[in-house]
$ cat entry-v1.tsv   # TSV, C-alpha atoms and all ligand atoms
chain	number	residue	atom	x	y	z
A	28	MET	CA	-1.14	92.39	58.20
A	29	LEU	CA	0.50	89.67	56.08
A	30	ALA	CA	3.06	92.03	54.61
A	31	GLY	CA	5.11	91.55	57.80
A	32	VAL	CA	6.70	88.21	56.86
A	33	SER	CA	10.06	88.50	55.14
A	34	THR	CA	10.48	85.30	53.16
A	35	HIS	CA	14.26	85.84	53.03
A	36	ALA	CA	14.60	85.91	56.82
A	37	ARG	CA	16.77	83.42	58.68
A	38	PRO	CA	14.87	80.25	59.68
A	39	ARG	CA	14.18	81.38	63.26
A	40	GLU	CA	13.03	84.84	62.17
A	41	ARG	CA	10.93	83.31	59.42
A	42	ALA	CA	9.22	81.00	61.91
A	43	LEU	CA	8.58	83.80	64.38
A	44	ALA	CA	7.23	86.11	61.68
A	45	LEU	CA	4.94	83.36	60.40
A	46	ARG	CA	3.63	82.83	63.91
A	47	GLN	CA	3.02	86.55	64.19
A	48	ALA	CA	1.07	86.52	60.90
A	49	THR	CA	-0.89	83.46	62.13
A	50	ALA	CA	-1.81	85.32	65.32
A	51	ALA	CA	-2.87	88.40	63.31
A	52	ALA	CA	-5.07	86.24	61.03
A	53	GLY	CA	-6.56	84.62	64.15
A	54	ARG	CA	-7.41	88.03	65.59
A	55	LEU	CA	-9.00	89.09	62.30
A	56	ALA	CA	-11.08	85.88	62.18
A	57	ALA	CA	-12.22	86.47	65.78
A	58	ALA	CA	-13.19	90.09	65.00
A	59	LEU	CA	-15.15	88.99	61.91
A	60	SER	CA	-16.91	86.16	63.74
A	61	ASP	CA	-18.01	88.63	66.43
A	62	GLN	CA	-20.22	90.22	63.73
A	63	ALA	CA	-21.76	86.87	62.69
A	64	PRO	CA	-20.56	83.31	63.35
A	65	ALA	CA	-19.03	81.05	60.71
A	66	VAL	CA	-21.40	78.93	58.60
A	67	ALA	CA	-21.14	75.23	59.57
A	68	GLY	CA	-19.79	73.90	56.25
A	69	GLU	CA	-20.17	70.24	57.19
A	70	GLY	CA	-23.93	70.77	57.37
A	71	LEU	CA	-24.11	71.90	53.72
A	72	PRO	CA	-24.40	69.41	50.84
A	73	ALA	CA	-21.23	68.99	48.72
A	74	GLN	CA	-21.65	69.62	44.97
A	75	SER	CA	-19.10	66.94	44.04
A	76	VAL	CA	-17.10	64.04	45.46
A	77	SER	CA	-14.05	66.29	45.23
A	78	GLN	CA	-15.70	69.01	47.35
A	79	SER	CA	-16.63	66.43	49.94
A	80	PHE	CA	-13.06	65.04	50.07
A	81	PHE	CA	-11.38	68.45	50.29
A	82	ARG	CA	-13.99	69.85	52.75
A	83	VAL	CA	-15.11	72.59	50.35
A	84	ARG	CA	-18.68	73.87	50.10
A	85	GLU	CA	-20.55	76.44	48.00
A	86	GLU	CA	-23.09	78.80	49.52
A	87	GLU	CA	-24.37	82.35	49.08
A	88	LEU	CA	-22.58	84.35	51.79
A	89	SER	CA	-22.79	87.91	53.03
A	90	ASP	CA	-19.61	89.98	52.49
A	91	GLN	CA	-18.76	89.56	56.17
A	92	GLN	CA	-19.21	85.77	56.04
A	93	ALA	CA	-17.16	85.49	52.84
A	94	ALA	CA	-14.37	87.48	54.50
A	95	LEU	CA	-14.57	85.31	57.62
A	96	HIS	CA	-14.37	82.02	55.69
A	97	GLY	CA	-11.51	83.29	53.52
A	98	VAL	CA	-9.60	84.40	56.62
A	99	LEU	CA	-10.26	81.05	58.32
A	100	VAL	CA	-8.67	79.24	55.36
A	101	ILE	CA	-5.72	81.65	55.49
A	102	HIS	CA	-5.36	81.27	59.25
A	103	ARG	CA	-5.16	77.48	59.06
A	104	ALA	CA	-2.71	77.69	56.16
A	105	LEU	CA	-0.44	80.14	57.99
A	106	GLU	CA	-0.45	77.87	61.03
A	107	ASP	CA	0.65	75.00	58.80
A	108	LEU	CA	3.26	77.13	57.00
A	109	CYS	CA	5.03	77.64	60.34
A	110	ASP	CA	6.20	74.02	59.87
A	111	ALA	CA	5.83	73.27	56.15
A	112	PRO	CA	9.18	73.21	54.32
A	113	LEU	CA	8.00	75.51	51.51
A	114	SER	CA	10.73	77.38	49.60
A	115	GLY	CA	11.14	81.11	50.20
A	116	GLY	CA	9.98	81.89	46.65
A	117	ASP	CA	6.74	79.93	47.00
A	118	LEU	CA	6.17	81.27	50.49
A	119	ALA	CA	6.36	84.81	49.06
A	120	LEU	CA	3.88	83.94	46.27
A	121	GLU	CA	1.42	82.24	48.60
A	122	MET	CA	1.63	85.09	51.12
A	123	ALA	CA	1.06	87.64	48.36
A	124	GLY	CA	-2.08	85.75	47.31
A	125	MET	CA	-3.29	85.60	50.92
A	126	ARG	CA	-2.66	89.31	51.41
A	127	GLN	CA	-4.59	90.11	48.21
A	128	ALA	CA	-7.47	87.87	49.35
A	129	VAL	CA	-7.66	89.65	52.72
A	130	LEU	CA	-7.75	93.02	50.95
A	131	ASP	CA	-10.37	91.90	48.40
A	132	LEU	CA	-12.58	90.09	50.90
A	133	THR	CA	-12.54	92.71	53.67
A	134	GLY	CA	-12.45	95.75	51.38
A	135	ALA	CA	-9.47	97.04	53.42
A	136	THR	CA	-6.73	99.08	51.81
A	137	ALA	CA	-3.08	98.05	51.92
A	138	GLY	CA	-1.32	99.28	55.04
A	139	THR	CA	2.32	99.38	56.05
A	140	ASP	CA	4.35	97.15	58.37
A	141	ARG	CA	4.80	99.88	60.91
A	142	ASP	CA	1.97	98.93	63.22
A	143	LEU	CA	3.12	95.31	63.58
A	144	ASP	CA	4.16	94.04	66.99
A	145	PRO	CA	7.63	92.48	67.15
A	146	PRO	CA	7.53	88.69	66.73
A	147	VAL	CA	7.09	86.82	69.99
A	148	ALA	CA	7.71	83.16	70.73
A	149	GLY	CA	4.53	81.15	71.33
A	150	PRO	CA	3.55	77.49	71.49
A	151	GLU	CA	4.75	75.41	68.52
A	152	PRO	CA	1.91	75.11	65.97
A	153	GLY	CA	0.78	71.54	65.39
A	154	ALA	CA	2.16	70.49	68.77
A	155	GLY	CA	0.65	67.18	69.82
A	156	ALA	CA	-0.27	66.01	66.28
A	157	SER	CA	1.71	63.16	64.72
A	158	LEU	CA	3.70	63.92	61.57
A	159	GLU	CA	1.28	61.77	59.57
A	160	GLU	CA	-1.68	63.79	60.85
A	161	VAL	CA	0.12	67.02	59.92
A	162	TRP	CA	0.81	65.73	56.37
A	163	SER	CA	-2.77	64.54	55.82
A	164	ALA	CA	-4.12	67.87	57.06
A	165	ARG	CA	-1.63	69.75	54.86
A	166	TRP	CA	-2.93	67.99	51.74
A	167	LEU	CA	-6.40	69.44	52.45
A	168	ILE	CA	-5.18	72.84	53.72
A	169	GLY	CA	-3.08	73.49	50.58
A	170	HIS	CA	-6.02	72.49	48.36
A	171	GLN	CA	-8.32	74.86	50.25
A	172	VAL	CA	-5.91	77.78	49.72
A	173	HIS	CA	-5.82	76.79	46.04
A	174	VAL	CA	-9.63	76.90	45.86
A	175	LEU	CA	-9.68	80.30	47.61
A	176	PHE	CA	-7.16	81.65	45.07
A	177	ASN	CA	-9.11	80.08	42.15
A	178	VAL	CA	-12.35	81.80	43.17
A	179	CYS	CA	-10.69	85.15	43.95
A	180	ALA	CA	-8.84	85.00	40.60
A	181	ALA	CA	-12.07	84.18	38.76
A	182	VAL	CA	-13.75	87.24	40.30
A	183	ALA	CA	-10.77	89.51	39.49
A	184	VAL	CA	-10.61	88.29	35.87
A	185	ALA	CA	-14.39	88.66	35.46
A	186	ASP	CA	-14.19	92.19	36.90
A	187	ALA	CA	-11.34	93.03	34.50
A	188	ALA	CA	-13.39	91.78	31.54
A	189	GLY	CA	-16.40	93.81	32.75
A	190	HIS	CA	-14.32	96.99	33.02
A	191	LEU	CA	-12.91	96.44	29.53
A	192	ARG	CA	-16.43	96.02	28.14
A	193	ASN	CA	-17.32	99.34	29.79
A	194	GLY	CA	-14.21	101.02	28.38
A	195	ASP	CA	-12.65	101.58	31.82
A	196	SER	CA	-9.13	100.38	31.12
A	197	ASP	CA	-7.54	101.85	34.28
A	198	ALA	CA	-9.87	99.79	36.48
A	199	ALA	CA	-9.25	96.75	34.25
A	200	LEU	CA	-5.47	97.09	34.66
A	201	LEU	CA	-5.81	97.03	38.46
A	202	LYS	CA	-7.98	93.90	38.35
A	203	LEU	CA	-5.61	92.15	35.93
A	204	ALA	CA	-2.72	92.84	38.33
A	205	ASP	CA	-4.76	91.42	41.25
A	206	ALA	CA	-5.67	88.34	39.20
A	207	THR	CA	-1.98	87.79	38.37
A	208	VAL	CA	-1.11	87.77	42.10
A	209	TYR	CA	-3.63	84.97	42.60
A	210	VAL	CA	-2.55	82.95	39.56
A	211	ARG	CA	1.10	83.18	40.67
A	212	GLY	CA	-0.19	81.85	43.98
A	213	PHE	CA	-1.80	78.75	42.35
A	214	PRO	CA	1.44	76.74	41.99
A	215	ALA	CA	2.64	78.00	45.38
A	216	ALA	CA	-0.50	76.66	47.09
A	217	MET	CA	-0.23	73.45	45.05
A	218	THR	CA	3.39	73.06	46.20
A	219	HIS	CA	2.36	73.85	49.79
A	220	ALA	CA	-0.16	70.96	49.66
A	221	SER	CA	2.60	68.73	48.30
A	222	THR	CA	5.29	69.47	50.88
A	223	ILE	CA	4.78	65.99	52.24
A	224	PRO	CA	6.99	62.95	51.65
A	225	ALA	CA	6.23	61.30	48.29
A	226	ASP	CA	6.25	57.91	50.06
A	227	TYR	CA	3.50	59.13	52.38
A	228	TYR	CA	1.44	60.44	49.45
A	229	MET	CA	1.76	57.10	47.63
A	230	ALA	CA	1.10	54.94	50.69
A	231	ALA	CA	-1.48	56.89	52.66
A	232	ILE	CA	-3.17	59.65	50.64
A	233	ARG	CA	-3.42	58.56	47.03
A	234	HIS	CA	-5.72	55.57	47.57
A	235	THR	CA	-8.14	57.72	49.63
A	236	MET	CA	-8.88	59.69	46.43
A	237	ALA	CA	-9.89	56.62	44.39
A	238	PRO	CA	-12.59	53.91	44.67
A	239	PRO	CA	-13.50	52.21	46.94
A	240	SER	CA	-12.61	55.07	49.36
A	241	VAL	CA	-14.62	57.51	47.18
A	242	ASP	CA	-17.24	56.90	44.46
A	243	ILE	CA	-15.10	58.16	41.56
A	244	PRO	CA	-11.35	58.84	41.20
A	245	LEU	CA	-10.60	62.46	42.07
A	246	SER	CA	-8.89	64.79	39.60
A	247	GLY	CA	-8.07	68.47	39.72
A	248	ARG	CA	-10.30	68.77	36.62
A	249	GLN	CA	-13.30	68.41	38.95
A	250	HIS	CA	-12.45	71.52	41.03
A	251	ARG	CA	-15.41	73.84	40.47
A	252	GLY	CA	-13.54	76.97	41.58
A	253	TYR	CA	-10.86	76.23	38.99
A	254	LYS	CA	-13.52	75.76	36.28
A	255	LEU	CA	-14.92	79.16	37.23
A	256	PHE	CA	-11.45	80.62	36.74
A	257	ARG	CA	-11.02	78.95	33.31
A	258	ALA	CA	-14.43	80.27	32.20
A	259	ALA	CA	-13.46	83.80	33.31
A	260	MET	CA	-10.19	83.53	31.33
A	261	ARG	CA	-12.07	82.44	28.20
A	262	ASP	CA	-14.41	85.40	28.59
A	263	LEU	CA	-11.49	87.82	29.10
A	264	LEU	CA	-9.82	86.60	25.91
A	265	SER	CA	-13.07	87.03	24.01
A	266	VAL	CA	-13.03	90.71	25.03
A	267	VAL	CA	-9.32	91.19	24.16
A	268	PRO	CA	-8.48	88.57	21.53
A	269	ASP	CA	-5.84	90.75	19.77
A	270	THR	CA	-2.33	89.48	19.18
A	271	TYR	CA	0.35	90.84	21.50
A	272	GLU	CA	1.75	93.15	18.79
A	273	ARG	CA	-1.63	94.62	17.88
A	274	LEU	CA	-2.64	95.17	21.50
A	275	ALA	CA	0.78	96.62	22.39
A	276	ALA	CA	0.38	99.14	19.54
A	277	ARG	CA	-2.98	100.44	20.77
A	278	ALA	CA	-2.83	99.77	24.56
A	279	PRO	CA	0.71	98.89	25.71
A	280	GLU	CA	-0.11	98.69	29.43
A	281	LEU	CA	-3.01	96.36	28.75
A	282	ALA	CA	-0.78	94.15	26.56
A	283	GLU	CA	1.74	93.84	29.43
A	284	ALA	CA	-0.91	93.23	32.12
A	285	ARG	CA	-2.64	90.57	30.00
A	286	GLY	CA	0.78	89.07	29.21
A	287	ASP	CA	1.71	88.83	32.91
A	288	LEU	CA	-1.53	86.99	33.63
A	289	LEU	CA	-1.15	84.56	30.74
A	290	GLU	CA	2.52	83.85	31.57
A	291	ALA	CA	1.52	83.07	35.17
A	292	ASP	CA	-1.13	80.66	33.82
A	293	ILE	CA	1.43	78.88	31.62
A	294	VAL	CA	3.93	78.62	34.47
A	295	ASP	CA	1.20	77.12	36.66
A	296	GLY	CA	0.76	74.39	34.03
A	297	GLU	CA	4.54	73.86	33.83
A	298	ARG	CA	4.94	73.52	37.58
A	299	HIS	CA	2.07	71.05	37.76
A	300	VAL	CA	4.08	68.68	35.56
A	301	THR	CA	7.14	68.69	37.82
A	302	LEU	CA	5.05	68.54	40.98
A	303	ALA	CA	3.18	65.45	39.79
A	304	TYR	CA	6.51	63.88	38.72
A	305	SER	CA	7.92	64.40	42.23
A	306	LEU	CA	4.98	62.59	43.79
A	307	VAL	CA	3.99	59.85	41.30
A	308	HIS	CA	6.99	59.65	38.91
A	309	LEU	CA	5.82	57.95	35.70
A	310	ASP	CA	2.69	56.28	37.09
A	311	ARG	CA	-0.66	56.56	35.41
A	312	SER	CA	-2.82	59.04	37.29
A	313	ILE	CA	-5.60	57.67	39.46
A	314	ALA	CA	-8.09	59.61	37.33
A	315	GLN	CA	-6.88	59.16	33.77
A	316	ARG	CA	-9.18	57.91	31.06
A	317	PRO	CA	-7.86	54.77	29.29
A	318	GLU	CA	-7.57	56.64	25.97
A	319	GLY	CA	-5.47	59.44	27.58
A	320	PRO	CA	-1.68	59.78	27.46
A	321	ASP	CA	0.57	57.21	29.12
A	322	ASN	CA	0.84	58.75	32.55
A	323	ALA	CA	-0.10	61.73	34.74
A	324	VAL	CA	3.04	63.66	33.75
A	325	ALA	CA	2.31	63.21	30.02
A	326	GLU	CA	-1.30	64.31	30.54
A	327	LEU	CA	-0.18	67.44	32.40
A	328	ARG	CA	2.48	68.20	29.75
A	329	LEU	CA	-0.20	68.07	27.10
A	330	MET	CA	-2.26	70.56	29.11
A	331	ARG	CA	0.80	72.84	29.36
A	332	HIS	CA	1.50	72.62	25.61
A	333	ARG	CA	-2.10	73.36	24.60
A	334	ARG	CA	-2.15	76.41	26.87
A	335	ALA	CA	1.27	77.62	25.66
A	336	ALA	CA	0.15	77.16	22.03
A	337	GLN	CA	-3.08	79.09	22.60
A	338	TYR	CA	-1.25	81.97	24.30
A	339	ALA	CA	1.79	82.12	21.95
A	340	PRO	CA	0.38	84.92	19.76
A	341	LEU	CA	-0.91	86.80	22.82
A	342	ILE	CA	2.29	87.24	24.81
A	343	ARG	CA	5.63	88.90	24.21
A	344	PHE	CA	7.75	85.71	24.51
A	345	GLY	CA	5.29	83.18	23.11
A	346	ASP	CA	6.30	79.54	22.68
A	347	HIS	CA	5.90	79.53	18.89
A	348	TYR	CA	7.84	76.28	18.54
A	349	VAL	CA	5.14	74.41	20.49
A	350	ALA	CA	2.36	76.47	18.88
A	351	ASP	CA	3.52	75.36	15.39
A	352	ALA	CA	3.76	71.74	16.53
A	353	VAL	CA	0.28	71.80	18.06
A	354	ALA	CA	-1.15	73.45	14.92
A	355	GLY	CA	0.57	70.76	12.80
A	356	LEU	CA	-0.95	67.99	14.91
A	357	ARG	CA	-4.41	69.55	14.61
A	358	HIS	CA	-4.11	69.58	10.79
A	359	ALA	CA	-2.75	66.03	10.62
B	401	LIG	C1	-3.62	72.04	45.25
B	401	LIG	C2	-3.87	71.79	43.98
B	401	LIG	C3	-3.38	70.56	43.24
B	401	LIG	C4	-2.44	69.62	43.57
B	401	LIG	C5	-1.61	69.52	44.84
B	401	LIG	C6	-2.38	68.67	42.46
B	401	LIG	C7	-1.57	67.57	42.42
B	401	LIG	C8	-1.63	66.57	41.48
B	401	LIG	C9	-1.03	65.26	41.58
B	401	LIG	C10	-0.20	64.76	42.75
B	401	LIG	C11	-1.35	64.55	40.47
B	401	LIG	C12	-1.03	63.07	40.19
B	401	LIG	C13	-2.26	62.30	40.70
B	401	LIG	C14	-2.03	60.84	41.00
B	401	LIG	O1	-2.15	60.02	40.07
B	401	LIG	O2	-1.77	60.49	42.17
B	401	LIG	C15	-2.15	65.41	39.65
B	401	LIG	C16	-2.68	65.07	38.44
B	401	LIG	C17	-3.45	65.89	37.66
B	401	LIG	N1	-3.94	67.14	38.00
B	401	LIG	FE1	-3.54	68.15	39.71
B	401	LIG	N2	-3.26	69.08	41.50
B	401	LIG	C18	-3.90	70.21	41.92
B	401	LIG	C19	-4.88	70.90	41.26
B	401	LIG	C20	-5.30	70.64	39.98
B	401	LIG	C21	-6.22	71.43	39.22
B	401	LIG	C22	-6.93	72.68	39.71
B	401	LIG	C23	-6.33	70.86	38.00
B	401	LIG	C24	-7.21	71.40	36.90
B	401	LIG	C25	-7.14	71.12	35.64
B	401	LIG	C26	-5.50	69.67	37.97
B	401	LIG	C27	-5.37	68.80	36.93
B	401	LIG	C28	-4.69	67.59	36.96
B	401	LIG	C29	-4.68	66.61	35.87
B	401	LIG	C30	-5.37	66.76	34.53
B	401	LIG	C31	-3.89	65.56	36.31
B	401	LIG	C32	-3.50	64.26	35.53
B	401	LIG	C33	-4.62	63.40	35.11
B	401	LIG	C34	-5.83	63.41	35.98
B	401	LIG	O3	-5.71	63.18	37.20
B	401	LIG	O4	-6.91	63.69	35.42
B	401	LIG	N3	-4.89	69.58	39.19
B	401	LIG	N4	-2.31	66.64	40.27
$ encode --input "entry-v1.tsv" --output "structure tokens"
Amino acid sequence: MLAGVSTHARPRERALALRQATAAAGRLAAALSDQAPAVAGEGLPAQSVSQSFFRVREEELSDQQAALHGVLVIHRALEDLCDAPLSGGDLALEMAGMRQAVLDLTGATAGTDRDLDPPVAGPEPGAGASLEEVWSARWLIGHQVHVLFNVCAAVAVADAAGHLRNGDSDAALLKLADATVYVRGFPAAMTHASTIPADYYMAAIRHTMAPPSVDIPLSGRQHRGYKLFRAAMRDLLSVVPDTYERLAARAPELAEARGDLLEADIVDGERHVTLAYSLVHLDRSIAQRPEGPDNAVAELRLMRHRRAAQYAPLIRFGDHYVADAVAGLRHA
């Protein structure tokens, strides 16, 4: 379904293809909700202030309901992407994550583009909403795609670790590749959420994520789906803790697949730094502790460096320069 959007198309073709993908996701959501209606999320208690703000809920769902809610998130995001000025590269990464989520959640197998209808012009998405309403909605929509990718990635990484424990490395390789698609989608979804004017973020959105608008300042650290993903990554590395060289000597494909996943995780951290800089420049973050680094960018850089240092021995092109510096600081 989602494979039909060429992210290198000319602007008009890109818009039409995105509308076609939006319509296809809408049809899939309708077909899934015919089997059982969507759960009314607003009626469920939020597990955190962050969940309440970003309209995210946790609940045990049947496979059909999980597929429906995943597709609803994707449908809204595709509708927004018809207008959002996301770069072609990020659009490709976000679409790849969405496609993987549809496959994983519905249990479908990948098809070809051949059965797609030609793009047709339809009503402009978002017609009638003010630009400000579109930007505020986009902030939530991009975060919801991020959460969807976090949870799907956590499941794929946990499955990969399970397969490795059972000695099924072929199945583990497939799951690691799926997880990498999602993790490459993290910064794309983050950038999607942030394709709003920085002035608008500073003037209209930022203060809604801090007291008195909410009980506590919101930070990405509070995202429970992301914590699930980090826990799955820790578990994976406890199953395969070997250095890159040692793993490459005994299981070269596994060394490459693990490397791809870890590189994607580092790049996510790197892109977070530049994204925050674009929106808040050198301001302190709304959620920083007083004893933390000077500003949001410095805090995010630290996160990037710690991750790069941890992964340096595990990947082919490890950042040993930073790893040595971090080790030196730990000993000091
Ligand atoms: C769609 C996803 C995300 C977007 C668009 C995003 C965007 C941002 C922005 C704009 C800031 C600066 C905040 C301000 O002061 O106004 C920031 C800070 C930060 N973000 Fe994210 N972020 C996302 C997800 C996450 C996740 C999952 C984490 C998990 C660790 C995270 C961790 C942080 C940290 C540690 C900071 C700096 C200090 C703090 O707020 O605690 N973010 N992010």
$ closest_atom_pairs --input "entry-v1.tsv" --of "chain A" --to "ligand LIG 401 (chain B)" --cutoff "8 Å" --atoms "all atoms listed in the file" --output "tab-separated table"
residue	atom	partner	partner_atom	distance
A:Trp166	CA	B:LIG401	C5	7.2
A:Gly169	CA	B:LIG401	C1	5.6
A:His170	CA	B:LIG401	C1	4.0
A:Gln171	CA	B:LIG401	C1	7.4
A:Val172	CA	B:LIG401	C1	7.6
A:His173	CA	B:LIG401	C1	5.3
A:Val174	CA	B:LIG401	C1	7.8
A:Phe213	CA	B:LIG401	C2	7.4
A:Pro214	CA	B:LIG401	C2	7.5
A:Ala216	CA	B:LIG401	C1	5.9
A:Met217	CA	B:LIG401	C1	3.7
A:Thr218	CA	B:LIG401	C5	6.3
A:His219	CA	B:LIG401	C5	7.7
A:Ala220	CA	B:LIG401	C5	5.2
A:Ser221	CA	B:LIG401	C5	5.5
A:Tyr228	CA	B:LIG401	O2	8.0
A:Met229	CA	B:LIG401	O2	7.3
A:Arg233	CA	B:LIG401	O2	5.5
A:Leu245	CA	B:LIG401	O3	6.9
A:Ser246	CA	B:LIG401	O3	4.3
A:Gly247	CA	B:LIG401	C26	3.3
A:Arg248	CA	B:LIG401	C25	4.1
A:Gln249	CA	B:LIG401	C24	7.1
A:His250	CA	B:LIG401	C22	5.8
A:Tyr253	CA	B:LIG401	C22	5.3
A:Lys254	CA	B:LIG401	C24	7.7
A:His299	CA	B:LIG401	FE1	6.6
A:Leu302	CA	B:LIG401	C10	6.7
A:Ala303	CA	B:LIG401	C10	4.5
A:Tyr304	CA	B:LIG401	C12	7.7
A:Leu306	CA	B:LIG401	C10	5.7
A:Val307	CA	B:LIG401	O2	5.9
A:Asp310	CA	B:LIG401	O1	6.8
A:Arg311	CA	B:LIG401	O1	6.0
A:Ser312	CA	B:LIG401	O1	3.0
A:Ile313	CA	B:LIG401	O1	4.2
A:Ala314	CA	B:LIG401	O3	4.3
A:Gln315	CA	B:LIG401	O4	4.8
A:Arg316	CA	B:LIG401	O4	7.6
A:Asn322	CA	B:LIG401	C33	7.6
A:Ala323	CA	B:LIG401	C32	4.3
A:Val324	CA	B:LIG401	C32	6.8
A:Glu326	CA	B:LIG401	C32	5.5
A:Leu327	CA	B:LIG401	C32	5.6
A:Met330	CA	B:LIG401	C30	7.3
$ closest_residue --input "entry-v1.tsv" --among "A:Arg54, A:Arg165, A:Arg277, A:Arg331" --to "A:Thr301" --atoms "all atoms listed in the file"
A:Arg331
$ atom_distance --input "entry-v1.tsv" --atom1 "atom CA of A:Gly252" --atom2 "atom CA of A:Ala339"
25.4 Å
$ atom_distance --input "entry-v1.tsv" --atom1 "atom CA of A:Ser157" --atom2 "atom CA of A:Ala73"
28.6 Å
$ closest_residue --input "entry-v1.tsv" --among "A:Ala67, A:Leu120, A:Ala57, A:Ile223" --to "A:His102" --atoms "all atoms listed in the file"
A:Ala57
$ closest_residue --input "entry-v1.tsv" --among "A:Asp292, A:Ala188, A:Val208, A:Arg334" --to "A:Leu264" --atoms "all atoms listed in the file"
A:Ala188
$ atom_distance --input "entry-v1.tsv" --atom1 "atom CA of A:Ala215" --atom2 "atom CA of A:Leu45"
16.1 Å
$ residues_around --input "entry-v1.tsv" --residues "A:Ala180" --least-positions-apart "5" --cutoff "8 Å" --atoms "all atoms listed in the file" --output "list in words"
Asp205, Ala206, Thr207, Tyr209, Val210 and Phe256 of chain A
$ closest_residue --input "entry-v1.tsv" --among "A:Ser163, A:Pro38, A:Ala198, A:Glu121" --to "A:Thr235" --atoms "all atoms listed in the file"
A:Ser163
$ closest_residue --input "entry-v1.tsv" --among "A:Asp242, A:Asp117, A:Asp195, A:Glu106" --to "A:Phe80" --atoms "all atoms listed in the file"
A:Asp242
$ closest_residue --input "entry-v1.tsv" --among "A:Ala111, A:Leu95, A:Leu130, A:Leu88" --to "A:Ala56" --atoms "only C-alpha atoms"
A:Leu95
